[in-house]
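One file, target.cif, is given below (mmCIF, C-alpha atoms).
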data_structure
#
loop_
_atom_site.label_atom_id
_atom_site.label_comp_id
_atom_site.auth_asym_id
_atom_site.auth_seq_id
_atom_site.Cartn_x
_atom_site.Cartn_y
_atom_site.Cartn_z
CA MET A 251 23.33 -11.86 -13.51
CA GLY A 252 21.46 -15.11 -14.18
CA GLY A 253 17.77 -15.90 -14.07
CA PRO A 254 14.79 -14.11 -15.60
CA VAL A 255 15.18 -10.36 -15.88
CA ARG A 256 11.60 -9.86 -14.66
CA TYR A 257 12.56 -11.17 -11.22
CA ARG A 258 15.25 -8.52 -10.92
CA ILE A 259 12.85 -5.79 -12.05
CA VAL A 260 10.25 -6.96 -9.52
CA GLY A 261 13.03 -7.01 -6.91
CA MET A 262 13.91 -3.40 -7.73
CA ILE A 263 10.23 -2.45 -7.46
CA PHE A 264 10.17 -4.12 -4.04
CA LEU A 265 13.19 -2.05 -2.95
CA LEU A 266 11.50 1.09 -4.26
CA ALA A 267 8.31 0.27 -2.39
CA LEU A 268 10.42 -0.42 0.72
CA ILE A 269 12.07 3.00 0.47
CA ASN A 270 8.71 4.58 -0.31
CA HIS A 271 7.04 3.19 2.79
CA ILE A 272 9.98 3.92 5.10
CA ASP A 273 9.73 7.52 3.93
CA ARG A 274 6.01 7.50 4.80
CA ALA A 275 6.48 5.94 8.22
CA ASN A 276 9.74 7.47 9.44
CA ILE A 277 8.06 10.55 10.90
CA SER A 278 5.59 8.37 12.83
CA ILE A 279 8.41 6.34 14.39
CA ALA A 280 10.41 9.47 15.21
CA ALA A 281 7.29 11.27 16.49
CA PRO A 282 7.71 10.52 20.24
CA ALA A 283 11.16 12.14 20.19
CA MET A 284 9.94 15.00 17.99
CA ILE A 285 6.96 15.64 20.28
CA GLN A 286 9.31 15.94 23.23
CA GLU A 287 11.84 18.18 21.46
CA LEU A 288 9.54 20.40 19.40
CA GLY A 289 6.72 20.74 21.94
CA TRP A 290 3.94 19.87 19.47
CA ASP A 291 1.24 17.64 21.03
CA GLU A 292 -0.68 14.68 19.57
CA ALA A 293 -3.27 16.95 17.96
CA HIS A 294 -0.52 18.87 16.13
CA PHE A 295 1.08 15.63 14.95
CA GLY A 296 -2.28 14.36 13.75
CA ILE A 297 -2.32 17.39 11.45
CA ILE A 298 1.30 16.77 10.38
CA PHE A 299 0.52 13.14 9.54
CA SER A 300 -2.52 14.27 7.53
CA ALA A 301 -0.45 16.82 5.55
CA PHE A 302 1.22 13.92 3.72
CA LEU A 303 -2.22 12.57 2.91
CA TRP A 304 -3.45 15.91 1.61
CA GLY A 305 -0.64 15.94 -0.93
CA TYR A 306 -1.24 12.27 -1.67
CA THR A 307 -4.95 12.89 -2.21
CA VAL A 308 -4.77 16.05 -4.33
CA PHE A 309 -2.38 14.44 -6.82
CA GLN A 310 -3.93 10.97 -6.99
CA LEU A 311 -6.23 11.40 -9.98
CA PRO A 312 -3.91 13.60 -12.07
CA GLY A 313 -1.02 11.34 -11.03
CA GLY A 314 -2.98 8.25 -12.04
CA TYR A 315 -3.81 9.86 -15.38
CA VAL A 316 -0.10 10.49 -16.05
CA ALA A 317 0.82 7.01 -14.79
CA ASP A 318 -1.59 5.43 -17.28
CA ARG A 319 0.41 7.06 -20.06
CA LEU A 320 3.97 6.81 -18.76
CA GLY A 321 3.75 3.70 -16.54
CA GLY A 322 7.14 2.66 -15.23
CA ARG A 323 8.87 5.54 -17.02
CA LEU A 324 7.51 7.83 -14.29
CA ILE A 325 8.97 5.81 -11.42
CA PRO A 326 12.51 7.26 -10.96
CA TRP A 327 11.35 10.87 -11.16
CA LEU A 328 8.72 10.35 -8.50
CA CYS A 329 11.37 8.77 -6.28
CA VAL A 330 13.68 11.78 -6.70
CA GLY A 331 10.84 14.17 -5.84
CA TRP A 332 9.75 12.60 -2.55
CA SER A 333 13.36 11.83 -1.55
CA VAL A 334 14.38 15.49 -1.86
CA ALA A 335 11.34 16.55 0.19
CA THR A 336 12.22 13.91 2.81
CA LEU A 337 15.81 15.14 2.93
CA LEU A 338 14.57 18.68 3.67
CA THR A 339 12.04 17.64 6.37
CA PRO A 340 14.24 18.72 9.34
CA LEU A 341 13.84 22.30 8.12
CA GLY A 342 10.21 21.92 9.21
CA ALA A 343 11.37 22.37 12.80
CA LEU A 344 11.73 26.07 12.00
CA ALA A 345 7.96 26.50 11.59
CA PHE A 346 4.88 24.31 11.86
CA SER A 347 3.63 25.58 8.48
CA LEU A 348 6.92 24.64 6.80
CA MET A 349 6.69 21.12 8.20
CA LEU A 350 3.19 20.83 6.73
CA ILE A 351 4.43 21.99 3.31
CA LEU A 352 7.30 19.50 3.25
CA ARG A 353 5.10 16.58 4.25
CA PHE A 354 2.54 17.70 1.63
CA LEU A 355 5.28 17.54 -1.02
CA VAL A 356 6.32 14.03 0.06
CA GLY A 357 2.71 12.93 -0.37
CA ALA A 358 2.31 14.71 -3.71
CA CYS A 359 5.34 12.99 -5.21
CA GLU A 360 4.33 9.59 -3.83
CA ALA A 361 0.75 9.87 -5.11
CA PRO A 362 1.19 8.23 -8.55
CA ILE A 363 3.70 5.58 -7.45
CA VAL A 364 1.27 2.69 -6.87
CA PRO A 365 -0.36 2.92 -10.33
CA ALA A 366 3.09 3.41 -11.89
CA MET A 367 4.48 0.31 -10.13
CA SER A 368 1.28 -1.62 -10.90
CA ALA A 369 1.61 -0.74 -14.58
CA ALA A 370 5.23 -1.93 -14.55
CA ASN A 371 4.20 -5.21 -12.88
CA ALA A 372 1.36 -5.71 -15.36
CA ALA A 373 3.82 -5.24 -18.23
CA TRP A 374 6.55 -7.47 -16.77
CA VAL A 375 4.89 -10.54 -15.17
CA PRO A 376 2.64 -13.41 -16.32
CA ARG A 377 -0.80 -13.59 -14.76
CA HIS A 378 -0.06 -16.53 -12.46
CA GLU A 379 2.70 -14.40 -10.85
CA LEU A 380 0.59 -11.25 -10.62
CA ALA A 381 -0.71 -11.41 -7.04
CA ARG A 382 2.78 -12.05 -5.70
CA ALA A 383 4.24 -9.24 -7.81
CA GLN A 384 1.48 -6.87 -6.71
CA THR A 385 1.59 -7.80 -3.03
CA ILE A 386 5.28 -6.93 -2.86
CA ILE A 387 4.08 -3.31 -2.80
CA PRO A 388 2.13 -3.58 0.47
CA ALA A 389 4.60 -6.23 1.68
CA ALA A 390 7.25 -3.56 1.35
CA LEU A 391 5.02 -1.27 3.42
CA ASN A 392 5.17 -3.71 6.30
CA ALA A 393 8.79 -4.64 5.67
CA GLY A 394 9.69 -0.96 5.58
CA ILE A 395 7.91 -0.23 8.82
CA MET A 396 9.30 -3.41 10.43
CA LEU A 397 12.82 -2.37 9.38
CA GLY A 398 12.08 1.24 10.19
CA TYR A 399 11.15 0.63 13.82
CA PRO A 400 14.61 -0.50 15.03
CA VAL A 401 16.61 1.46 12.44
CA VAL A 402 14.77 4.77 12.77
CA THR A 403 14.66 4.38 16.55
CA ALA A 404 18.43 3.73 16.67
CA ILE A 405 19.17 6.70 14.42
CA THR A 406 16.88 8.89 16.54
CA VAL A 407 18.52 7.79 19.80
CA TYR A 408 22.16 7.94 18.67
CA LEU A 409 22.21 10.64 15.97
CA GLY A 410 19.02 12.64 16.53
CA TRP A 411 15.75 12.63 14.61
CA PRO A 412 16.91 14.95 11.76
CA TRP A 413 19.35 12.27 10.57
CA VAL A 414 16.39 9.95 9.96
CA PHE A 415 15.31 12.19 7.09
CA TYR A 416 18.80 12.93 5.77
CA LEU A 417 19.58 9.23 5.40
CA CYS A 418 16.17 8.19 4.06
CA GLY A 419 16.23 10.92 1.42
CA GLY A 420 19.75 10.01 0.33
CA VAL A 421 18.91 6.33 -0.13
CA GLY A 422 15.92 7.18 -2.33
CA ILE A 423 18.02 9.40 -4.61
CA LEU A 424 20.58 6.58 -4.95
CA TRP A 425 17.85 4.08 -5.94
CA ALA A 426 16.57 6.43 -8.65
CA PHE A 427 19.99 6.57 -10.29
CA ILE A 428 20.28 2.76 -10.21
CA TRP A 429 16.87 2.39 -11.92
CA LEU A 430 17.86 4.89 -14.62
CA TRP A 431 20.92 2.73 -15.28
CA TYR A 432 19.31 -0.74 -15.22
CA GLY A 433 15.50 -0.61 -14.92
CA ARG A 434 12.98 -0.34 -17.75
CA ALA A 435 9.23 0.21 -17.83
CA THR A 436 8.52 -2.80 -20.08
CA PRO A 437 10.36 -5.99 -21.08
CA GLU A 438 10.28 -4.88 -24.71
CA GLU A 439 12.63 -2.01 -23.79
CA HIS A 440 15.15 -4.07 -21.78
CA PRO A 441 18.20 -5.27 -23.74
CA ALA A 442 18.89 -8.17 -21.36
CA VAL A 443 15.50 -9.89 -21.80
CA SER A 444 15.88 -13.09 -23.83
CA PRO A 445 13.48 -13.91 -26.69
CA ALA A 446 12.16 -16.88 -24.68
CA GLU A 447 11.40 -14.76 -21.60
CA LEU A 448 9.83 -12.02 -23.71
CA HIS A 449 7.58 -14.57 -25.43
CA LYS A 450 6.53 -16.02 -22.07
CA ILE A 451 5.66 -12.58 -20.67
CA GLN A 452 3.80 -11.43 -23.77
CA SER A 453 1.76 -14.62 -24.08
CA GLU A 454 0.74 -14.92 -20.43
CA ARG A 455 0.46 -11.43 -18.96
CA VAL A 456 -2.97 -9.99 -18.25
CA GLN A 457 -2.54 -7.09 -20.62
CA ALA A 458 -0.45 -5.63 -23.35
CA ALA A 459 1.68 -2.82 -21.98
CA THR A 460 -0.77 -0.13 -23.11
CA ALA A 461 -3.45 1.92 -21.38
CA ASP A 462 -6.88 3.23 -22.35
CA PRO A 463 -7.23 7.01 -21.93
CA ASN A 464 -11.04 6.78 -21.67
CA TRP A 465 -11.84 6.75 -17.94
CA GLY A 466 -15.57 7.49 -18.27
CA PRO A 467 -16.90 3.89 -18.26
CA VAL A 468 -14.67 3.00 -15.30
CA LEU A 469 -15.82 5.98 -13.25
CA ARG A 470 -19.45 5.06 -13.94
CA SER A 471 -19.06 1.48 -12.73
CA PRO A 472 -20.78 0.68 -9.39
CA ARG A 473 -18.33 -2.19 -8.87
CA VAL A 474 -15.37 0.18 -9.08
CA TRP A 475 -16.90 2.50 -6.48
CA ALA A 476 -17.73 -0.41 -4.17
CA LEU A 477 -14.07 -1.44 -4.37
CA VAL A 478 -13.01 2.16 -3.74
CA PHE A 479 -15.24 2.46 -0.65
CA SER A 480 -14.12 -0.88 0.76
CA TYR A 481 -10.48 0.02 0.21
CA THR A 482 -10.99 3.41 1.85
CA LEU A 483 -12.12 1.66 5.03
CA TRP A 484 -9.16 -0.72 4.88
CA VAL A 485 -6.76 2.21 4.44
CA TYR A 486 -8.34 3.91 7.46
CA VAL A 487 -7.08 1.00 9.55
CA MET A 488 -3.70 0.86 7.81
CA TRP A 489 -2.98 4.54 8.41
CA LEU A 490 -4.13 4.41 12.00
CA MET A 491 -1.56 1.66 12.57
CA ALA A 492 1.18 3.31 10.54
CA ALA A 493 0.79 6.76 12.11
CA TRP A 494 -0.15 6.04 15.71
CA LEU A 495 1.08 2.57 16.71
CA PRO A 496 4.57 3.83 17.75
CA THR A 497 3.12 6.57 19.96
CA TYR A 498 0.43 4.21 21.30
CA LEU A 499 3.06 1.71 22.39
CA VAL A 500 5.04 4.43 24.21
CA ARG A 501 2.32 6.65 25.63
CA GLY A 502 -0.62 4.23 25.74
CA ARG A 503 1.11 1.00 26.80
CA GLY A 504 4.15 2.27 28.68
CA PHE A 505 6.96 0.84 26.54
CA SER A 506 10.21 2.79 26.43
CA LEU A 507 11.43 4.32 23.17
CA GLY A 508 13.98 1.51 22.80
CA GLU A 509 11.39 -1.20 23.52
CA MET A 510 8.99 0.38 21.05
CA GLY A 511 11.59 -0.07 18.33
CA TRP A 512 11.56 -3.86 18.46
CA VAL A 513 7.99 -4.39 19.75
CA GLY A 514 6.59 -2.35 16.88
CA GLY A 515 8.88 -4.28 14.55
CA ILE A 516 7.48 -7.68 15.51
CA ILE A 517 3.89 -6.46 15.23
CA THR A 518 4.64 -5.16 11.76
CA GLY A 519 6.49 -8.40 11.00
CA ALA A 520 3.21 -10.25 11.53
CA ALA A 521 1.58 -7.86 9.04
CA LEU A 522 4.38 -8.59 6.56
CA LEU A 523 3.81 -12.33 6.99
CA GLY A 524 0.09 -11.80 6.35
CA THR A 525 0.75 -9.73 3.22
CA VAL A 526 3.22 -12.18 1.69
CA GLY A 527 1.19 -15.21 2.77
CA GLY A 528 -2.01 -13.75 1.37
CA GLY A 529 -0.41 -13.07 -2.01
CA TRP A 530 1.15 -16.54 -2.14
CA PHE A 531 -2.09 -18.28 -1.15
CA SER A 532 -4.11 -16.24 -3.65
CA ASP A 533 -1.84 -17.33 -6.50
CA VAL A 534 -1.91 -20.95 -5.28
CA LEU A 535 -5.70 -20.89 -5.49
CA VAL A 536 -5.54 -19.58 -9.07
CA ARG A 537 -3.05 -22.27 -10.08
CA ARG A 538 -5.24 -24.96 -8.48
CA ARG A 539 -8.23 -24.04 -10.62
CA PHE A 540 -10.15 -21.90 -8.15
CA SER A 541 -11.89 -18.93 -9.71
CA VAL A 542 -10.41 -15.47 -9.38
CA GLU A 543 -13.49 -14.55 -7.32
CA VAL A 544 -12.38 -17.01 -4.65
CA ALA A 545 -8.67 -16.32 -4.98
CA ARG A 546 -8.89 -12.53 -4.94
CA ARG A 547 -12.19 -11.40 -3.39
CA HIS A 548 -13.40 -14.14 -1.04
CA LEU A 549 -9.93 -14.51 0.49
CA ALA A 550 -9.85 -10.79 1.32
CA ILE A 551 -13.31 -10.87 2.91
CA ALA A 552 -12.46 -13.86 5.09
CA ALA A 553 -9.17 -12.29 6.21
CA MET A 554 -10.75 -9.00 7.27
CA LEU A 555 -13.61 -10.59 9.18
CA SER A 556 -11.13 -12.87 10.97
CA GLY A 557 -8.85 -10.04 12.08
CA ALA A 558 -11.36 -7.51 13.45
CA PRO A 559 -12.16 -9.33 16.76
CA PHE A 560 -8.45 -9.59 17.58
CA LEU A 561 -8.03 -5.84 17.10
CA VAL A 562 -10.83 -5.11 19.57
CA ALA A 563 -9.38 -7.57 22.08
CA ALA A 564 -5.87 -6.14 21.71
CA VAL A 565 -6.72 -2.65 22.95
CA SER A 566 -9.14 -3.95 25.60
CA VAL A 567 -6.84 -6.29 27.59
CA GLU A 568 -4.92 -5.09 30.64
CA SER A 569 -1.61 -6.75 29.82
CA ALA A 570 0.67 -4.82 27.48
CA TRP A 571 2.25 -8.06 26.24
CA ALA A 572 -1.13 -9.68 25.57
CA CYS A 573 -1.96 -6.54 23.58
CA VAL A 574 1.17 -7.07 21.47
CA VAL A 575 0.30 -10.70 20.71
CA LEU A 576 -3.29 -9.87 19.79
CA LEU A 577 -2.18 -6.98 17.58
CA MET A 578 0.13 -9.39 15.77
CA VAL A 579 -2.77 -11.75 15.02
CA ALA A 580 -5.04 -8.87 13.98
CA ARG A 581 -2.45 -7.52 11.57
CA LEU A 582 -1.66 -10.98 10.20
CA PHE A 583 -5.26 -11.43 9.07
CA ASN A 584 -6.00 -7.85 8.10
CA ASP A 585 -2.96 -7.47 5.86
CA ALA A 586 -3.63 -10.80 4.13
CA ALA A 587 -6.62 -9.02 2.57
CA LEU A 588 -4.23 -6.97 0.46
CA ALA A 589 -3.88 -9.87 -1.99
CA GLY A 590 -7.41 -9.01 -3.05
CA TYR A 591 -7.12 -5.24 -3.10
CA MET A 592 -3.81 -5.27 -4.97
CA SER A 593 -4.89 -7.71 -7.71
CA LEU A 594 -8.59 -6.85 -8.21
CA PRO A 595 -7.95 -3.65 -10.25
CA THR A 596 -5.86 -5.63 -12.74
CA GLU A 597 -8.45 -8.42 -12.91
CA MET A 598 -11.25 -5.90 -13.47
CA SER A 599 -9.58 -3.72 -16.13
CA PRO A 600 -5.80 -3.86 -16.63
CA ARG A 601 -5.97 -1.06 -19.22
CA HIS A 602 -7.38 1.31 -16.58
CA LEU A 603 -5.03 0.78 -13.64
CA GLY A 604 -4.38 4.50 -13.32
CA ALA A 605 -8.11 5.25 -13.21
CA ILE A 606 -9.01 2.55 -10.70
CA TRP A 607 -5.94 3.05 -8.51
CA GLY A 608 -6.31 6.81 -8.75
CA CYS A 609 -9.83 6.56 -7.30
CA MET A 610 -8.81 3.96 -4.71
CA SER A 611 -5.82 5.97 -3.54
CA THR A 612 -7.66 9.30 -3.57
CA PHE A 613 -10.46 8.11 -1.33
CA GLY A 614 -8.10 5.86 0.62
CA SER A 615 -6.11 8.97 1.46
CA LEU A 616 -9.27 10.60 2.78
CA GLY A 617 -9.73 7.55 5.01
CA GLY A 618 -6.14 7.93 6.15
CA MET A 619 -6.62 11.60 6.93
CA ALA A 620 -9.70 10.78 8.97
CA ALA A 621 -7.78 8.12 10.90
CA THR A 622 -4.70 10.21 11.66
CA MET A 623 -6.56 13.36 12.67
CA LEU A 624 -9.44 11.67 14.50
CA ALA A 625 -7.08 9.55 16.58
CA GLY A 626 -5.05 12.58 17.63
CA PHE A 627 -8.10 14.57 18.64
CA LEU A 628 -9.80 11.61 20.39
CA VAL A 629 -6.74 10.90 22.51
CA THR A 630 -6.11 14.57 23.27
CA ALA A 631 -9.75 15.08 24.30
CA THR A 632 -10.35 11.84 26.27
CA GLY A 633 -6.97 10.29 27.08
CA ASN A 634 -8.44 6.95 25.94
CA TRP A 635 -6.10 5.21 23.49
CA ALA A 636 -8.57 2.36 22.80
CA LEU A 637 -11.18 4.55 21.08
CA PRO A 638 -9.33 5.06 17.77
CA PHE A 639 -8.75 1.30 17.46
CA TYR A 640 -12.42 0.52 18.10
CA THR A 641 -13.30 2.76 15.15
CA ALA A 642 -10.78 0.79 13.08
CA ALA A 643 -12.43 -2.53 13.92
CA VAL A 644 -15.80 -1.18 12.81
CA ALA A 645 -14.26 0.15 9.59
CA ILE A 646 -12.71 -3.18 8.64
CA VAL A 647 -15.95 -5.12 9.19
CA VAL A 648 -17.93 -2.65 7.08
CA GLY A 649 -15.23 -2.79 4.40
CA ALA A 650 -15.52 -6.58 4.23
CA LEU A 651 -19.30 -6.40 3.93
CA VAL A 652 -19.08 -3.83 1.12
CA MET A 653 -16.67 -6.07 -0.76
CA ALA A 654 -18.98 -9.06 -0.26
CA VAL A 655 -22.03 -7.21 -1.60
CA GLY A 656 -20.69 -4.82 -4.23
CA VAL A 657 -17.34 -6.02 -5.62
CA SER A 658 -16.59 -8.65 -8.27
CA ALA A 659 -13.38 -9.78 -9.97
CA ARG A 660 -15.04 -10.23 -13.36
CA PRO A 661 -13.72 -7.97 -16.14
CA LEU A 662 -15.45 -4.67 -16.72
CA PHE A 663 -15.06 -4.70 -20.49
CA LEU A 664 -14.94 -7.03 -23.46
CA ALA A 665 -11.20 -6.55 -24.04
CA GLU A 666 -10.37 -7.70 -20.51
CA ALA A 667 -12.71 -10.67 -20.76
CA GLY A 668 -10.49 -12.02 -23.52
CA ALA A 669 -7.28 -11.84 -21.45
CA THR A 670 -5.19 -14.98 -21.19
CA PRO A 671 -6.12 -16.99 -18.08
CA ALA A 672 -3.58 -18.31 -15.65
CA ALA A 673 -2.16 -21.70 -16.45
CA GLY A 674 -4.52 -24.38 -15.18
CA ALA A 675 -7.23 -21.92 -14.16
CA THR A 676 -10.85 -22.93 -14.60
CA PRO A 677 -12.59 -20.98 -17.38
CA LEU A 678 -15.28 -18.68 -16.03
CA THR A 679 -18.41 -17.19 -17.52
CA LEU A 680 -18.06 -13.46 -17.11
CA LYS A 681 -19.93 -10.35 -18.15
CA THR A 682 -18.24 -7.83 -20.37
CA SER A 683 -19.47 -4.96 -18.24
CA ASP A 684 -21.76 -4.32 -15.30
CA SER A 685 -24.72 -5.00 -17.56
CA GLY A 686 -23.19 -6.77 -20.57
CA ALA A 687 -23.72 -10.20 -22.10
CA ALA A 688 -21.89 -13.25 -20.81
CA LEU A 689 -18.68 -14.41 -22.41
CA PRO A 690 -16.38 -17.37 -21.71
CA HIS A 691 -13.18 -16.43 -19.91
#
Just dump the structure as structure tokens.
Amino acid sequence: MGGPVRYRIVGMIFLLALINHIDRANISIAAPAMIQELGWDEAHFGIIFSAFLWGYTVFQLPGGYVADRLGGRLIPWLCVGWSVATLLTPLGALAFSLMLILRFLVGACEAPIVPAMSAANAAWVPRHELARAQTIIPAALNAGIMLGYPVVTAITVYLGWPWVFYLCGGVGILWAFIWLWYGRATPEEHPAVSPAELHKIQSERVQAATADPNWGPVLRSPRVWALVFSYTLWVYVMWLMAAWLPTYLVRGRGFSLGEMGWVGGIITGAALLGTVGGGWFSDVLVRRRFSVEVARRHLAIAAMLSGAPFLVAAVSVESAWACVVLLMVARLFNDAALAGYMSLPTEMSPRHLGAIWGCMSTFGSLGGMAATMLAGFLVTATGNWALPFYTAAVAIVVGALVMAVGVSARPLFLAEAGATPAAGATPLTLKTSDSGAALPH
């Protein structure tokens, strides 16, 4: 195979993230059929959706700690774990408690995957490619859900909902074996990397492929916790969409199961366009000498504030098709903000990706649990499908304001302040820590 090896590794990480996010979303897409067959109502499924997030939350910090030490070496084993749990999910029909356990295990095995993939990206790509490499992870979320809508719906209609989990689990196990054959955690370990490509990666990446086991200074940083809180509010919106949009389209807007498959796909396609476009535009800004503050943070703030009014309008209009169009616009803007969230941890402290992402994902999972459970109980109690989405609009505005006031892309520590800047980027004057002296960057 020709071309840089790093592109193929990033492509494999994209496929992994695609599989990962299909395995998160498949139960949401199959939920209308499962509700009808199993007799569990929206409140029960809110609890089922949150069971994944309980596992995801409990194992975030310990998973991030392990990911800081093993990086990409952890990736295939995590994939095997959640794929086996996915494969066994139909057994959950035997008992509600068993379904909760299986979804908990899927979440537990997926918990460290973002820091592990982020560590692999940080080791494999130069800085001016970082936002694009990082945004493939959330891009795969949207691509997975966009692909999952028609595919999972078709499997559910023609084969039955259990086959959704059999097939998804099998594909994940296959990917893990392919990575064990070809993938590597770092370019230094890959026999196919040329000396020229290795030199380019080593001279231009944000970090050396090593981590710092000391998490204390990171956990004491107000800027880290502002980023964590802002991200938690963003994840609240993401999980509301991921968990409840399929059921909202069917039960709240009157689309048939078949129509939901492609309508949900085009809404998620707009989110995918926003994710990819946001990452591309962020890197363009860096290459054109804009500061990383503008390219990473300001872009995210502007995107979130632009999307919130469209979300409110979408669930307020009478027309179901106008709702679809407005949801597409809302998701386009909202998901463009991921360019900031996905690249800011690496800009702030690339040696502490496990620590920062562990905190972000832990509290983000709590936001997701709140979204999935609150939506189910609100709809069950009131019958009003607009209420959960109004709470999402408020969350995204507050998240943008927190990022504007409390977050900065400047490095947390002296070692990061000396990282190699992107080609053509304007040098910045940055502090070594939240209270340190200024240094040129």
- Rank A:Phe663, A:Leu266, A:Ser444, A:Tyr640 by their smallest atom-to-atom distance to Ala625 of chain A, using all atoms listed in the file, and report the top residue only. A:Tyr640
- Grab the atom CA of Ala283 of chain A to atom CA of Val407 of chain A distance for me, in Å with one decimal place.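 Result for atom CA of Ala283 of chain A versus atom CA of Val407 of chain A: 8.6 Å, one decimal.
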- I need the residue set behind the PyMOL selection byres ((chain A and resi 565) around 10) for this file; please write it as a list of chain:residue names.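 So the PyMOL selection byres ((chain A and resi 565) around 10), applied here, picks out A:Gly502, A:Arg503, A:Phe560, A:Leu561, A:Val562, A:Ala563, A:Ala564, A:Ser566, A:Val567, A:Glu568, A:Ser569, A:Ala570, A:Ala572, A:Cys573, A:Val574, A:Leu576, A:Leu577, A:Trp635, A:Ala636, A:Leu637, A:Pro638, A:Phe639, A:Tyr640.
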- Using the chain letters and numbers from the file, give me the residues hit by the PyMOL selection byres ((chain A and resi 450) around 12), as a PyMOL selection string. chain A and resi 254+256+373-379+437+443-449+451-456+670+673
- Item | From A:Arg546, A:Ile423, A:Arg274, A:Gly410, residue lying nearest Val334 of chain A [all atoms listed in the file] |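 Once distances to Val334 of chain A are computed over all atoms listed in the file, the minimum belongs to A:Ile423.
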- Task: Within 9 Å of Phe531 of chain A, counting all atoms listed in the file, which residues show up once you throw out same-chain ones fewer than 6 positions away? Write them as a list in words, please.
- Result: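 Within the cut-off, the hits are Ala545, Leu549 and Ala589 of chain A.
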- Residues selected by the PyMOL selection byres ((chain A and resi 403) around 8), written as a PyMOL selection string: chain A and resi 279-280+398-402+404-407+507-508+511
Can those selected residues be exported to a file as an mmCIF file, in the frame of the given file so that it contains C-alpha atoms?
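What ended up in again19.cif:
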data_model
loop_
_atom_site.group_PDB
_atom_site.id
_atom_site.type_symbol
_atom_site.label_atom_id
_atom_site.label_comp_id
_atom_site.auth_asym_id
_atom_site.auth_seq_id
_atom_site.Cartn_x
_atom_site.Cartn_y
_atom_site.Cartn_z
ATOM 1 C CA ILE A 279 8.410 6.340 14.390
ATOM 2 C CA ALA A 280 10.410 9.470 15.210
ATOM 3 C CA GLY A 398 12.080 1.240 10.190
ATOM 4 C CA TYR A 399 11.150 0.630 13.820
ATOM 5 C CA PRO A 400 14.610 -0.500 15.030
ATOM 6 C CA VAL A 401 16.610 1.460 12.440
ATOM 7 C CA VAL A 402 14.770 4.770 12.770
ATOM 8 C CA ALA A 404 18.430 3.730 16.670
ATOM 9 C CA ILE A 405 19.170 6.700 14.420
ATOM 10 C CA THR A 406 16.880 8.890 16.540
ATOM 11 C CA VAL A 407 18.520 7.790 19.800
ATOM 12 C CA LEU A 507 11.430 4.320 23.170
ATOM 13 C CA GLY A 508 13.980 1.510 22.800
ATOM 14 C CA GLY A 511 11.590 -0.070 18.330
#
- Item | Separation of atom CA of Ala493 of chain A from atom CA of Leu522 of chain A in Å |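 Rounded to one decimal, the two atoms are 16.7 Å apart.
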- Hey, which of A:Leu397, A:Cys418, A:Ile298, A:Ala650 ends up closest to Phe346 of chain A? Count only C-alpha atoms. A:Ile298
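Computed from the coordinates, the atom CA of His294 of chain A to atom CA of Gly649 of chain A distance equals 28.7 Å.
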- Step by step: start from the point (5.6, 25.9, 4.6) in the file's coordinates, keep every protein, DNA or RNA residue that has an atom no farther than 12 Å from it, count all atoms listed in the file, and write the set as a PyMOL selection string. chain A and resi 298+301+335+338-339+341-355
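Comparing the minimum interatomic distances between Ser368 of chain A and each of A:Trp411, A:Tyr498, A:Trp607, A:Phe540, counting only C-alpha atoms, we find that A:Trp607 sits nearest.
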- Message: For a quick check of understanding, using all atoms listed in the file, which of A:Ile517, A:Phe299, A:Met598, A:Leu662 has the smallest distance to Ala580 of chain A?
- Response: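 Residue with the minimum atom-to-atom distance to Ala580 of chain A: A:Ile517.
Among the candidates A:Gly394, A:Pro472, A:Pro312, A:Gly422, the one nearest to Pro365 of chain A when counting only C-alpha atoms is A:Pro312.
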Box dimensions and centre (Å, one decimal) enclosing segment 553-571 of chain A, axis-aligned, 5 Å extra per side, as lines of an AutoDock Vina configuration file:
center_x = -5.7
center_y = -7.8
center_z = 18.4
size_x = 25.9
size_y = 20.2
size_z = 34.4
